[in-house]
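Engineer: So here's model.txt (compact mmCIF, C-alpha atoms).
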# COMPACT_ATOMS: atom_id res chain seq x y z
CA MET G 1 -181.70 115.15 35.04
CA ALA G 2 -185.41 114.44 34.91
CA VAL G 3 -187.78 117.02 36.32
CA ASP G 4 -191.45 116.23 37.01
CA TYR G 5 -193.85 119.13 36.37
CA ALA G 6 -197.37 119.48 37.73
CA PRO G 7 -199.95 118.40 35.15
CA GLY G 8 -200.71 121.17 32.66
CA VAL G 9 -198.21 123.64 34.11
CA LEU G 10 -194.56 124.31 33.38
CA PRO G 11 -192.56 126.10 36.09
CA GLY G 12 -191.37 129.66 35.54
CA HIS G 13 -188.01 130.94 34.47
CA ALA G 14 -186.24 134.29 34.46
CA CYS G 15 -184.75 136.42 31.70
CA GLN G 16 -183.13 139.84 31.65
CA LEU G 17 -184.52 142.74 29.67
CA PHE G 18 -184.42 146.53 29.47
CA ALA G 19 -187.22 149.07 29.82
CA GLY G 20 -188.15 150.54 26.46
CA ALA G 21 -187.36 154.02 27.77
CA ASP G 22 -183.74 152.94 28.39
CA ILE G 23 -183.16 152.49 24.65
CA TYR G 24 -183.75 155.90 23.09
CA VAL G 25 -183.36 157.63 19.72
CA ALA G 26 -180.09 159.60 19.76
CA GLN G 27 -180.39 160.73 16.13
CA GLY G 28 -183.31 160.66 13.72
CA ALA G 29 -186.96 161.52 13.26
CA ASN G 30 -187.96 160.33 16.74
CA GLN G 31 -184.98 161.90 18.53
CA GLY G 32 -185.32 161.75 22.31
CA ASP G 33 -188.09 159.13 22.28
CA GLY G 34 -187.74 155.76 23.94
CA LEU G 35 -188.20 152.51 22.05
CA GLY G 36 -191.65 152.59 20.49
CA GLY G 37 -193.94 149.99 19.00
CA PRO G 38 -193.67 148.64 15.44
CA SER G 39 -196.03 151.32 14.05
CA GLU G 40 -194.06 154.11 15.74
CA VAL G 41 -190.39 153.37 15.07
CA ILE G 42 -188.68 154.53 11.88
CA PRO G 43 -185.89 152.52 10.20
CA GLY G 44 -182.78 154.65 9.95
CA ASP G 45 -183.16 156.17 13.41
CA VAL G 46 -180.09 155.71 15.60
CA TYR G 47 -180.59 154.28 19.09
CA GLU G 48 -178.43 154.18 22.22
CA LEU G 49 -178.72 152.22 25.45
CA ASP G 50 -178.67 154.65 28.38
CA ARG G 51 -175.39 154.34 30.29
CA GLU G 52 -177.32 154.21 33.57
CA ALA G 53 -179.65 151.47 32.38
CA ALA G 54 -179.73 148.30 34.45
CA PRO G 55 -181.22 145.02 33.21
CA LEU G 56 -184.50 143.99 34.84
CA ARG G 57 -185.48 140.47 35.82
CA LEU G 58 -188.69 139.13 34.32
CA VAL G 59 -189.97 135.85 35.76
CA VAL G 60 -192.43 134.05 33.53
CA SER G 61 -194.65 131.06 34.26
CA GLN G 62 -195.67 129.09 31.22
CA PRO G 63 -198.95 127.17 31.12
CA VAL G 64 -199.13 124.56 28.40
CA GLY G 65 -199.78 126.45 25.17
CA LEU G 66 -198.32 129.69 23.84
CA ASP G 67 -199.52 132.12 26.53
CA GLN G 68 -196.83 133.32 28.92
CA HIS G 69 -197.58 135.09 32.19
CA VAL G 70 -195.64 137.04 34.82
CA ALA G 71 -194.82 134.87 37.84
CA LEU G 72 -193.98 135.59 41.48
CA GLY G 73 -190.53 137.09 42.02
CA SER G 74 -190.50 139.20 38.86
CA GLU G 75 -189.03 142.71 39.07
CA VAL G 76 -191.47 143.88 36.42
CA GLY G 77 -195.19 143.40 36.04
CA LEU G 78 -197.71 141.74 38.33
CA PRO G 79 -198.27 138.00 38.76
CA GLY G 80 -200.70 136.74 36.16
CA GLN G 81 -200.15 139.53 33.63
CA VAL G 82 -199.90 138.26 30.07
CA VAL G 83 -196.51 138.69 28.39
CA ARG G 84 -197.01 139.44 24.69
CA LEU G 85 -194.23 139.29 22.12
CA GLU G 86 -194.89 142.36 19.98
CA ALA G 87 -192.10 142.53 17.39
CA ARG G 88 -188.50 141.80 16.52
CA TYR G 89 -186.18 144.71 15.68
CA THR G 90 -182.81 144.37 13.98
CA LEU G 91 -180.24 147.10 14.63
CA MET G 92 -176.66 147.52 13.41
CA ALA G 93 -173.65 148.93 15.27
CA PRO G 94 -170.96 151.01 13.52
CA ASP G 95 -168.66 147.96 13.29
CA GLY G 96 -171.32 145.99 11.39
CA ASP G 97 -172.44 143.80 14.31
CA ARG G 98 -176.19 143.24 14.33
CA VAL G 99 -178.33 143.16 17.43
CA GLU G 100 -181.84 141.73 17.51
CA LEU G 101 -184.33 142.86 20.13
CA LEU G 102 -187.50 141.00 21.05
CA ILE G 103 -190.08 143.63 21.99
CA LEU G 104 -192.31 142.52 24.88
CA MET G 105 -195.48 144.11 26.20
CA LEU G 106 -196.99 143.37 29.58
CA GLU G 107 -200.77 143.62 29.55
CA GLY G 108 -201.63 147.20 30.50
CA ALA G 109 -198.00 148.05 31.25
CA GLU G 110 -194.94 149.48 29.55
CA ARG G 111 -192.81 148.10 26.73
CA PHE G 112 -189.58 146.14 27.26
CA ALA G 113 -186.75 144.91 25.05
CA LEU G 114 -185.04 141.53 25.40
CA PRO G 115 -181.68 141.53 23.53
CA LEU G 116 -180.99 138.32 21.62
CA SER G 117 -177.32 139.31 21.38
CA PRO G 118 -175.13 141.60 23.50
CA ILE G 119 -175.95 145.33 23.48
CA GLY G 120 -173.64 147.98 24.92
CA ALA G 121 -174.17 151.46 26.32
CA ASN G 122 -172.98 154.52 24.40
CA VAL G 123 -172.95 152.64 21.10
CA ASP G 124 -174.93 153.94 18.12
CA TYR G 125 -177.33 151.28 16.78
CA THR G 126 -179.15 152.02 13.53
CA LEU G 127 -182.61 150.46 13.23
CA LEU G 128 -182.65 148.32 10.08
CA THR G 129 -185.81 146.22 10.10
CA VAL G 130 -189.06 145.79 12.02
CA GLU G 131 -190.65 142.33 11.84
CA PRO G 132 -193.42 140.44 13.64
CA ALA G 133 -192.29 138.51 16.71
CA PRO G 134 -191.99 134.72 16.42
CA THR G 135 -195.43 133.34 17.23
CA ASP G 136 -194.24 130.05 18.71
CA LEU G 137 -191.25 131.18 20.79
CA GLN G 138 -191.03 130.20 24.44
CA LEU G 139 -188.54 132.38 26.31
CA ALA G 140 -186.99 129.35 28.04
CA ASP G 141 -185.84 128.12 24.63
CA LEU G 142 -183.27 130.92 24.45
CA LEU G 143 -180.99 129.05 26.85
CA CYS G 144 -180.33 126.03 24.67
CA LEU G 145 -178.82 127.57 21.55
CA SER G 146 -175.61 125.68 20.80
CA PHE G 147 -175.19 122.80 18.32
CA ALA G 148 -177.72 121.65 15.74
CA ARG G 149 -179.16 118.14 15.61
CA GLY G 150 -176.79 115.72 13.92
CA THR G 151 -173.57 117.38 15.15
CA MET G 152 -171.02 114.63 15.79
CA ILE G 153 -169.32 114.90 19.21
CA SER G 154 -165.99 113.16 19.89
CA LEU G 155 -165.91 110.51 22.62
CA PRO G 156 -162.85 109.10 24.42
CA GLY G 157 -161.15 106.56 22.21
CA GLY G 158 -161.85 108.48 19.00
CA SER G 159 -165.42 107.44 18.19
CA GLN G 160 -168.14 110.03 17.58
CA ARG G 161 -171.82 110.24 18.44
CA ALA G 162 -174.60 112.56 17.29
CA ILE G 163 -175.30 115.13 20.01
CA GLU G 164 -178.98 114.17 20.28
CA ALA G 165 -177.95 110.58 21.09
CA LEU G 166 -175.80 111.58 24.09
CA MET G 167 -177.08 110.95 27.61
CA PRO G 168 -176.26 112.61 30.95
CA GLY G 169 -173.37 110.73 32.55
CA GLN G 170 -171.82 109.73 29.23
CA GLN G 171 -168.11 110.45 28.81
CA VAL G 172 -167.08 113.03 26.19
CA LEU G 173 -163.55 113.97 25.08
CA THR G 174 -162.46 117.45 26.23
CA ARG G 175 -159.36 119.34 25.14
CA ASP G 176 -158.04 120.19 28.62
CA HIS G 177 -159.40 117.54 31.00
CA GLY G 178 -159.61 114.39 28.91
CA ARG G 179 -162.76 112.30 29.38
CA GLN G 180 -165.51 114.16 31.24
CA PRO G 181 -169.12 113.15 31.97
CA VAL G 182 -171.96 115.19 30.53
CA ARG G 183 -174.00 116.60 33.43
CA TRP G 184 -176.96 118.11 31.58
CA ILE G 185 -178.27 118.32 28.01
CA GLY G 186 -180.55 121.16 26.89
CA HIS G 187 -182.79 121.06 23.83
CA ALA G 188 -184.89 123.66 22.01
CA ARG G 189 -186.70 123.60 18.65
CA LEU G 190 -187.01 127.03 17.03
CA ARG G 191 -187.87 128.62 13.71
CA ALA G 192 -184.59 129.22 11.88
CA VAL G 193 -185.03 132.95 11.31
CA GLY G 194 -183.13 136.05 12.42
CA ALA G 195 -180.96 135.47 15.49
CA PHE G 196 -182.15 131.85 15.65
CA ALA G 197 -180.94 130.91 12.16
CA PRO G 198 -177.91 128.60 12.44
CA VAL G 199 -174.47 129.20 11.00
CA VAL G 200 -173.29 126.45 8.66
CA ILE G 201 -169.50 126.13 8.47
CA ALA G 202 -168.85 123.94 5.44
CA ALA G 203 -166.89 120.71 5.84
CA GLY G 204 -163.15 121.30 5.66
CA THR G 205 -163.30 125.04 6.37
CA LEU G 206 -161.90 124.64 9.90
CA GLY G 207 -160.71 121.08 9.42
CA ASN G 208 -164.22 119.86 10.27
CA SER G 209 -165.10 116.40 9.03
CA GLY G 210 -168.70 117.39 8.23
CA ASP G 211 -170.70 120.60 8.10
CA LEU G 212 -170.56 122.26 11.53
CA ILE G 213 -173.98 123.78 12.28
CA LEU G 214 -174.33 125.88 15.41
CA SER G 215 -176.08 128.95 16.79
CA GLN G 216 -174.75 132.36 15.87
CA HIS G 217 -173.24 133.31 19.25
CA HIS G 218 -171.74 129.94 20.10
CA ARG G 219 -167.96 130.11 20.15
CA VAL G 220 -165.38 128.04 18.31
CA PHE G 221 -161.90 127.63 19.78
CA LEU G 222 -158.93 128.27 17.50
CA TYR G 223 -155.28 127.80 18.39
CA GLN G 224 -152.89 129.97 16.38
CA ARG G 225 -149.46 128.36 16.21
CA ASN G 226 -148.04 131.74 15.28
CA ARG G 227 -149.74 134.29 17.51
CA LEU G 228 -151.45 136.96 15.42
CA PRO G 229 -150.57 140.65 15.90
CA GLY G 230 -152.94 142.32 18.36
CA LEU G 231 -153.67 139.14 20.33
CA SER G 232 -152.53 138.63 23.90
CA THR G 233 -152.77 134.84 23.59
CA SER G 234 -152.48 132.19 20.90
CA GLU G 235 -155.90 130.86 21.91
CA LEU G 236 -158.82 132.51 20.15
CA LEU G 237 -162.57 132.22 20.84
CA VAL G 238 -164.66 133.21 17.83
CA GLN G 239 -168.46 133.46 17.67
CA ALA G 240 -169.82 131.40 14.81
CA ARG G 241 -171.50 134.41 13.20
CA HIS G 242 -168.09 136.02 12.64
CA PHE G 243 -167.08 133.25 10.23
CA VAL G 244 -169.95 134.03 7.85
CA ASP G 245 -168.61 134.99 4.42
CA GLY G 246 -171.45 133.69 2.23
CA GLU G 247 -169.28 130.92 0.79
CA ARG G 248 -167.54 128.67 3.29
CA ALA G 249 -169.77 129.81 6.15
CA TYR G 250 -173.34 131.06 5.80
CA LEU G 251 -176.62 131.54 7.65
CA ARG G 252 -179.27 128.92 6.93
CA GLU G 253 -182.69 130.50 7.27
CA GLY G 254 -186.05 128.84 6.89
CA GLY G 255 -187.88 125.95 8.52
CA TYR G 256 -186.98 124.81 12.01
CA VAL G 257 -183.74 123.97 13.78
CA ASP G 258 -183.18 121.70 16.80
CA TYR G 259 -180.47 123.04 19.09
CA PHE G 260 -178.70 121.05 21.83
CA SER G 261 -176.34 122.29 24.56
CA LEU G 262 -174.00 120.31 26.83
CA VAL G 263 -173.03 121.15 30.42
CA PHE G 264 -170.02 119.72 32.26
CA ASP G 265 -168.54 120.28 35.72
CA ARG G 266 -166.41 123.00 34.13
CA HIS G 267 -166.60 125.18 31.06
CA GLU G 268 -164.96 122.81 28.57
CA ILE G 269 -163.65 122.79 25.03
CA ILE G 270 -165.11 119.75 23.27
CA TYR G 271 -164.82 118.49 19.69
CA ALA G 272 -167.82 119.02 17.39
CA GLU G 273 -167.26 117.62 13.90
CA GLY G 274 -163.60 117.55 14.96
CA VAL G 275 -163.53 121.32 15.68
CA PRO G 276 -162.74 122.51 19.24
CA SER G 277 -165.86 124.36 20.49
CA GLU G 278 -167.12 125.51 23.87
CA SER G 279 -169.65 123.80 26.07
CA LEU G 280 -172.46 125.80 27.69
CA MET G 281 -170.99 128.00 30.41
CA VAL G 282 -172.97 127.79 33.65
CA ASN G 283 -173.31 131.03 35.60
CA ASP G 284 -176.11 133.19 37.01
CA ALA G 285 -177.00 134.56 33.59
CA THR G 286 -177.65 131.13 32.09
CA VAL G 287 -179.06 129.30 35.09
CA ASN G 288 -181.56 132.05 35.92
CA ARG G 289 -183.19 131.38 32.56
CA LEU G 290 -183.96 127.77 33.51
CA PRO G 291 -187.20 126.66 35.17
CA PRO G 292 -186.73 126.97 38.97
CA GLU G 293 -186.85 123.22 39.66
CA LEU G 294 -184.30 122.53 36.95
CA ALA G 295 -182.18 125.51 38.06
CA ALA G 296 -182.10 124.02 41.57
CA GLU G 297 -180.80 120.73 40.15
CA VAL G 298 -178.15 122.52 38.09
CA LYS G 299 -177.05 124.54 41.14
CA ALA G 300 -176.73 121.33 43.16
CA GLN G 301 -174.77 119.74 40.34
CA PHE G 302 -172.44 122.76 39.99
CA PRO G 303 -171.52 124.11 43.45
CA GLY G 304 -170.60 127.79 43.43
CA LEU G 305 -172.71 128.28 40.30
CA SER G 306 -169.90 129.90 38.40
CA HIS G 307 -167.98 128.28 35.58
CA SER G 308 -164.80 130.17 34.86
CA PRO G 309 -164.71 130.96 31.14
CA HIS G 310 -162.10 129.07 29.17
CA PHE G 311 -158.85 131.00 28.85
CA GLY G 312 -158.53 132.66 25.47
CA THR G 313 -158.95 135.92 23.59
CA GLU G 314 -162.48 136.84 22.51
CA ALA G 315 -162.20 138.01 18.89
CA GLY G 316 -164.59 140.79 17.92
CA ARG G 317 -165.90 141.66 14.48
CA GLN G 318 -163.53 144.59 13.90
CA PHE G 319 -160.44 142.56 14.73
CA LEU G 320 -161.51 139.66 12.52
CA ASP G 321 -162.19 142.03 9.62
CA SER G 322 -158.74 143.53 10.07
CA ILE G 323 -156.94 140.17 9.71
CA GLY G 324 -159.33 138.67 7.15
CA SER G 325 -161.17 135.37 7.23
CA GLN G 326 -158.45 133.78 5.09
CA THR G 327 -156.09 134.02 8.06
CA LEU G 328 -158.52 132.21 10.32
CA PHE G 329 -159.26 129.52 7.80
CA LYS G 330 -155.55 129.04 7.08
CA ASN G 331 -154.58 128.84 10.77
CA ARG G 332 -157.14 126.22 11.72
CA GLY G 333 -157.62 125.38 15.38
CA GLY G 334 -156.29 122.09 16.64
CA ARG G 335 -155.67 119.90 19.60
In structure tokens, write the structure found in this file.

Structural biologist:
Amino acid sequence: MAVDYAPGVLPGHACQLFAGADIYVAQGANQGDGLGGPSEVIPGDVYELDREAAPLRLVVSQPVGLDQHVALGSEVGLPGQVVRLEARYTLMAPDGDRVELLILMLEGAERFALPLSPIGANVDYTLLTVEPAPTDLQLADLLCLSFARGTMISLPGGSQRAIEALMPGQQVLTRDHGRQPVRWIGHARLRAVGAFAPVVIAAGTLGNSGDLILSQHHRVFLYQRNRLPGLSTSELLVQARHFVDGERAYLREGGYVDYFSLVFDRHEIIYAEGVPSESLMVNDATVNRLPPELAAEVKAQFPGLSHSPHFGTEAGRQFLDSIGSQTLFKNRGGR
């Protein structure tokens, strides 16, 4: 899927964010205030997302270089305004889940927050840390978080190939539909810090032949031969971050990480280092973060623009804590 860009200019893309006023201090020193800047917020304050808050669409055009500007079609800002990444906040929910917010400022306008992980209304989030924003982050990179460079992907016939060596059109083994051609491959290189630091699941932990290295919110598919209490299905989808125990699975921070994502005609379960894992799910939320020309190609490639998510139970942090990681590691997913 090659896309030719005009010299010196990359096309825009869209992302969803919240107005700073929609995330307010419910308890603490700044009670009642909306999300402030890094010199104004106080760690320990408890924030909530307003139940009436609706995500806003920011469209950004990206000239070559680090500057990012508002583009035509944006719900916020004016075309040409500079988008400045101001800070990164880490908050924690009562169940221990962490949410990272990128704080954005539009030149001469209000403050916005771009969640790097899901955030829910009427949930208390305690502010833990305030850090400078990544200086080299392009917002379009946020789409491509999946598998790290070097991840071995199973092909029909049993051979494997490193994900960065795959090409669009190449056949990959899927759990439910056999051999399927790769339609699109995304790639992003990011600093491995905070929400961008990869999870390393050590070889053998889930029956994986080598270390499985993937982004924190990418999901691994587990099949429980004996359905666990509290689950409606024997098929379990678990975000990589939920495996982290500091021993068999850990966050690897520091340096850079190259992430790759694979798109098929359907949302598939593929084999990464022998472990069933999801492909990138194509829907409005993901495609709207692509450059417009590339989004148009993806839409043409995937009529209806809506992958149905793979059937299975999404396992949250509280449920996984209740059964213990030993149970997951003992009941490894299979074919």

Engineer: Give me, as a PyMOL selection string, all polymer residues having an atom no more than 7 Å from Leu101 of chain G, counting all atoms listed in the file and skipping those fewer than 4 positions away in the same chain.

Structural biologist: chain G and resi 88-90+113-116

Engineer: Pull C-alpha atoms from the residues just selected and write them as a PDB file, in the coordinates of the input.

Structural biologist:
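Result file follows (part_14.pdb):
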ATOM      1  CA  ARG G  88    -188.500 141.800  16.520  1.00  0.00           C
ATOM      2  CA  TYR G  89    -186.180 144.710  15.680  1.00  0.00           C
ATOM      3  CA  THR G  90    -182.810 144.370  13.980  1.00  0.00           C
ATOM      4  CA  ALA G 113    -186.750 144.910  25.050  1.00  0.00           C
ATOM      5  CA  LEU G 114    -185.040 141.530  25.400  1.00  0.00           C
ATOM      6  CA  PRO G 115    -181.680 141.530  23.530  1.00  0.00           C
ATOM      7  CA  LEU G 116    -180.990 138.320  21.620  1.00  0.00           C
TER       8      LEU G 116
END

Engineer: Which residues come within 10 Å of Gln216 of chain G, counting all atoms listed in the file, excluding same-chain residues fewer than 4 positions away, as an MDAnalysis selection string?

Structural biologist: chainID G and resid 117 145:147 194:200 239:244 251

Engineer: Please write the residues from the selection above to a file, keeping C-alpha atoms, as a JSON list (two decimals), in the frame of the given file.

Structural biologist:
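And here's again.json as it stands now:
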[["chain", "number", "residue", "atom", "x", "y", "z"],
["G", 117, "SER", "CA", -177.32, 139.31, 21.38],
["G", 145, "LEU", "CA", -178.82, 127.57, 21.55],
["G", 146, "SER", "CA", -175.61, 125.68, 20.80],
["G", 147, "PHE", "CA", -175.19, 122.80, 18.32],
["G", 194, "GLY", "CA", -183.13, 136.05, 12.42],
["G", 195, "ALA", "CA", -180.96, 135.47, 15.49],
["G", 196, "PHE", "CA", -182.15, 131.85, 15.65],
["G", 197, "ALA", "CA", -180.94, 130.91, 12.16],
["G", 198, "PRO", "CA", -177.91, 128.60, 12.44],
["G", 199, "VAL", "CA", -174.47, 129.20, 11.00],
["G", 200, "VAL", "CA", -173.29, 126.45, 8.66],
["G", 239, "GLN", "CA", -168.46, 133.46, 17.67],
["G", 240, "ALA", "CA", -169.82, 131.40, 14.81],
["G", 241, "ARG", "CA", -171.50, 134.41, 13.20],
["G", 242, "HIS", "CA", -168.09, 136.02, 12.64],
["G", 243, "PHE", "CA", -167.08, 133.25, 10.23],
["G", 244, "VAL", "CA", -169.95, 134.03, 7.85],
["G", 251, "LEU", "CA", -176.62, 131.54, 7.65]]

Engineer: Go through G:Asp45, G:Glu40, G:Asp50, G:Glu131 one by one, measure the shortest atom-to-atom distance of each to Asp22 of chain G using all atoms listed in the file, and give the residue with the smallest value.

Structural biologist: G:Asp50

Engineer: Counting all atoms listed in the file, what is within 9 Å of Gly28 of chain G, bar same-chain residues fewer than 6 positions away, as a PDB file with C-alpha atoms, in the coordinates of the input?

Structural biologist:
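What ended up in out25.pdb:
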ATOM      1  CA  ILE G  42    -188.680 154.530  11.880  1.00  0.00           C
ATOM      2  CA  GLY G  44    -182.780 154.650   9.950  1.00  0.00           C
ATOM      3  CA  ASP G  45    -183.160 156.170  13.410  1.00  0.00           C
ATOM      4  CA  VAL G  46    -180.090 155.710  15.600  1.00  0.00           C
ATOM      5  CA  TYR G  47    -180.590 154.280  19.090  1.00  0.00           C
TER       6      TYR G  47
END

Engineer: Do a neighbour search on segment 126-130 of chain G at 12 Å with only C-alpha atoms, toss out local chain neighbours closer than 2 positions, and write the hits as a PDB file with C-alpha atoms, in the frame of the given file.

Structural biologist:
ATOM      1  CA  ILE G  23    -183.160 152.490  24.650  1.00  0.00           C
ATOM      2  CA  TYR G  24    -183.750 155.900  23.090  1.00  0.00           C
ATOM      3  CA  VAL G  25    -183.360 157.630  19.720  1.00  0.00           C
ATOM      4  CA  ALA G  26    -180.090 159.600  19.760  1.00  0.00           C
ATOM      5  CA  GLN G  27    -180.390 160.730  16.130  1.00  0.00           C
ATOM      6  CA  GLY G  28    -183.310 160.660  13.720  1.00  0.00           C
ATOM      7  CA  ALA G  29    -186.960 161.520  13.260  1.00  0.00           C
ATOM      8  CA  ASN G  30    -187.960 160.330  16.740  1.00  0.00           C
ATOM      9  CA  LEU G  35    -188.200 152.510  22.050  1.00  0.00           C
ATOM     10  CA  GLY G  36    -191.650 152.590  20.490  1.00  0.00           C
ATOM     11  CA  GLY G  37    -193.940 149.990  19.000  1.00  0.00           C
ATOM     12  CA  PRO G  38    -193.670 148.640  15.440  1.00  0.00           C
ATOM     13  CA  SER G  39    -196.030 151.320  14.050  1.00  0.00           C
ATOM     14  CA  GLU G  40    -194.060 154.110  15.740  1.00  0.00           C
ATOM     15  CA  VAL G  41    -190.390 153.370  15.070  1.00  0.00           C
ATOM     16  CA  ILE G  42    -188.680 154.530  11.880  1.00  0.00           C
ATOM     17  CA  PRO G  43    -185.890 152.520  10.200  1.00  0.00           C
ATOM     18  CA  GLY G  44    -182.780 154.650   9.950  1.00  0.00           C
ATOM     19  CA  ASP G  45    -183.160 156.170  13.410  1.00  0.00           C
ATOM     20  CA  VAL G  46    -180.090 155.710  15.600  1.00  0.00           C
ATOM     21  CA  TYR G  47    -180.590 154.280  19.090  1.00  0.00           C
ATOM     22  CA  GLU G  48    -178.430 154.180  22.220  1.00  0.00           C
ATOM     23  CA  LEU G  49    -178.720 152.220  25.450  1.00  0.00           C
ATOM     24  CA  GLU G  86    -194.890 142.360  19.980  1.00  0.00           C
ATOM     25  CA  ALA G  87    -192.100 142.530  17.390  1.00  0.00           C
ATOM     26  CA  ARG G  88    -188.500 141.800  16.520  1.00  0.00           C
ATOM     27  CA  TYR G  89    -186.180 144.710  15.680  1.00  0.00           C
ATOM     28  CA  THR G  90    -182.810 144.370  13.980  1.00  0.00           C
ATOM     29  CA  LEU G  91    -180.240 147.100  14.630  1.00  0.00           C
ATOM     30  CA  MET G  92    -176.660 147.520  13.410  1.00  0.00           C
ATOM     31  CA  ALA G  93    -173.650 148.930  15.270  1.00  0.00           C
ATOM     32  CA  PRO G  94    -170.960 151.010  13.520  1.00  0.00           C
ATOM     33  CA  ASP G  95    -168.660 147.960  13.290  1.00  0.00           C
ATOM     34  CA  GLY G  96    -171.320 145.990  11.390  1.00  0.00           C
ATOM     35  CA  ASP G  97    -172.440 143.800  14.310  1.00  0.00           C
ATOM     36  CA  ARG G  98    -176.190 143.240  14.330  1.00  0.00           C
ATOM     37  CA  VAL G  99    -178.330 143.160  17.430  1.00  0.00           C
ATOM     38  CA  GLU G 100    -181.840 141.730  17.510  1.00  0.00           C
ATOM     39  CA  LEU G 101    -184.330 142.860  20.130  1.00  0.00           C
ATOM     40  CA  LEU G 102    -187.500 141.000  21.050  1.00  0.00           C
ATOM     41  CA  ILE G 103    -190.080 143.630  21.990  1.00  0.00           C
ATOM     42  CA  VAL G 123    -172.950 152.640  21.100  1.00  0.00           C
ATOM     43  CA  ASP G 124    -174.930 153.940  18.120  1.00  0.00           C
ATOM     44  CA  PRO G 132    -193.420 140.440  13.640  1.00  0.00           C
ATOM     45  CA  ALA G 133    -192.290 138.510  16.710  1.00  0.00           C
ATOM     46  CA  GLY G 194    -183.130 136.050  12.420  1.00  0.00           C
TER      47      GLY G 194
END

Engineer: Given only C-alpha atoms as the basis, pick out the residue of G:Glu107, G:Asp33, G:Leu214, G:Glu52 nearest to His69 of chain G.

Structural biologist: G:Glu107

Engineer: For a quick check of understanding, using all atoms listed in the file, which of G:Ile269, G:Leu190, G:Ala202, G:Leu173 has the smallest distance to Met281 of chain G?

Structural biologist: G:Ile269

Engineer: Suppose you want the space between atom CA of Tyr250 of chain G and atom CA of Val263 of chain G; what is it in Å?

Structural biologist: 26.5 Å

Engineer: Considering all atoms listed in the file, return as an MDAnalysis selection string whatever protein or nucleic-acid residues lie within 7 Å of Ala192 of chain G, sequence-local ones (same chain, fewer than 5 positions apart) excluded.

Structural biologist: chainID G and resid 197:198 253:257

Engineer: Store the residues picked out above in a file with C-alpha atoms, as a PDB file, in the coordinates of the input.

Structural biologist:
ATOM      1  CA  ALA G 197    -180.940 130.910  12.160  1.00  0.00           C
ATOM      2  CA  PRO G 198    -177.910 128.600  12.440  1.00  0.00           C
ATOM      3  CA  GLU G 253    -182.690 130.500   7.270  1.00  0.00           C
ATOM      4  CA  GLY G 254    -186.050 128.840   6.890  1.00  0.00           C
ATOM      5  CA  GLY G 255    -187.880 125.950   8.520  1.00  0.00           C
ATOM      6  CA  TYR G 256    -186.980 124.810  12.010  1.00  0.00           C
ATOM      7  CA  VAL G 257    -183.740 123.970  13.780  1.00  0.00           C
TER       8      VAL G 257
END

Engineer: So, counting all atoms listed in the file, which residue among G:Arg191, G:Ala162, G:Phe264, G:Pro276 is closest to Leu222 of chain G?

Structural biologist: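 The closest residue to Leu222 of chain G is G:Pro276.
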
Engineer: How far is it from atom CA of Leu237 of chain G to atom CA of Ser277 of chain G, in Å with one decimal?

Structural biologist: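 We find that atom CA of Leu237 of chain G and atom CA of Ser277 of chain G lie 8.5 Å from each other.
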
Engineer: Using only C-alpha atoms, which residue out of G:Arg111, G:Arg248, G:Arg51, G:Arg57 lies closest to Asp211 of chain G?

Structural biologist: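 The shortest atom-to-atom distance to Asp211 of chain G comes from G:Arg248.
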
Engineer: What does the distance from atom CA of Phe112 of chain G to atom CA of Leu72 of chain G come to in Å, to one decimal?

Structural biologist: 18.2 Å

Engineer: In file coordinates, which residues lie within 9 Å of (-198.3, 135.3, 38.3) using all atoms listed in the file, given as a list in words?

Structural biologist: Val59, Val60, Ser61, His69, Val70, Ala71, Leu72, Gly73, Ser74, Gly77, Leu78, Pro79, Gly80, Gln81 and Val82 of chain G
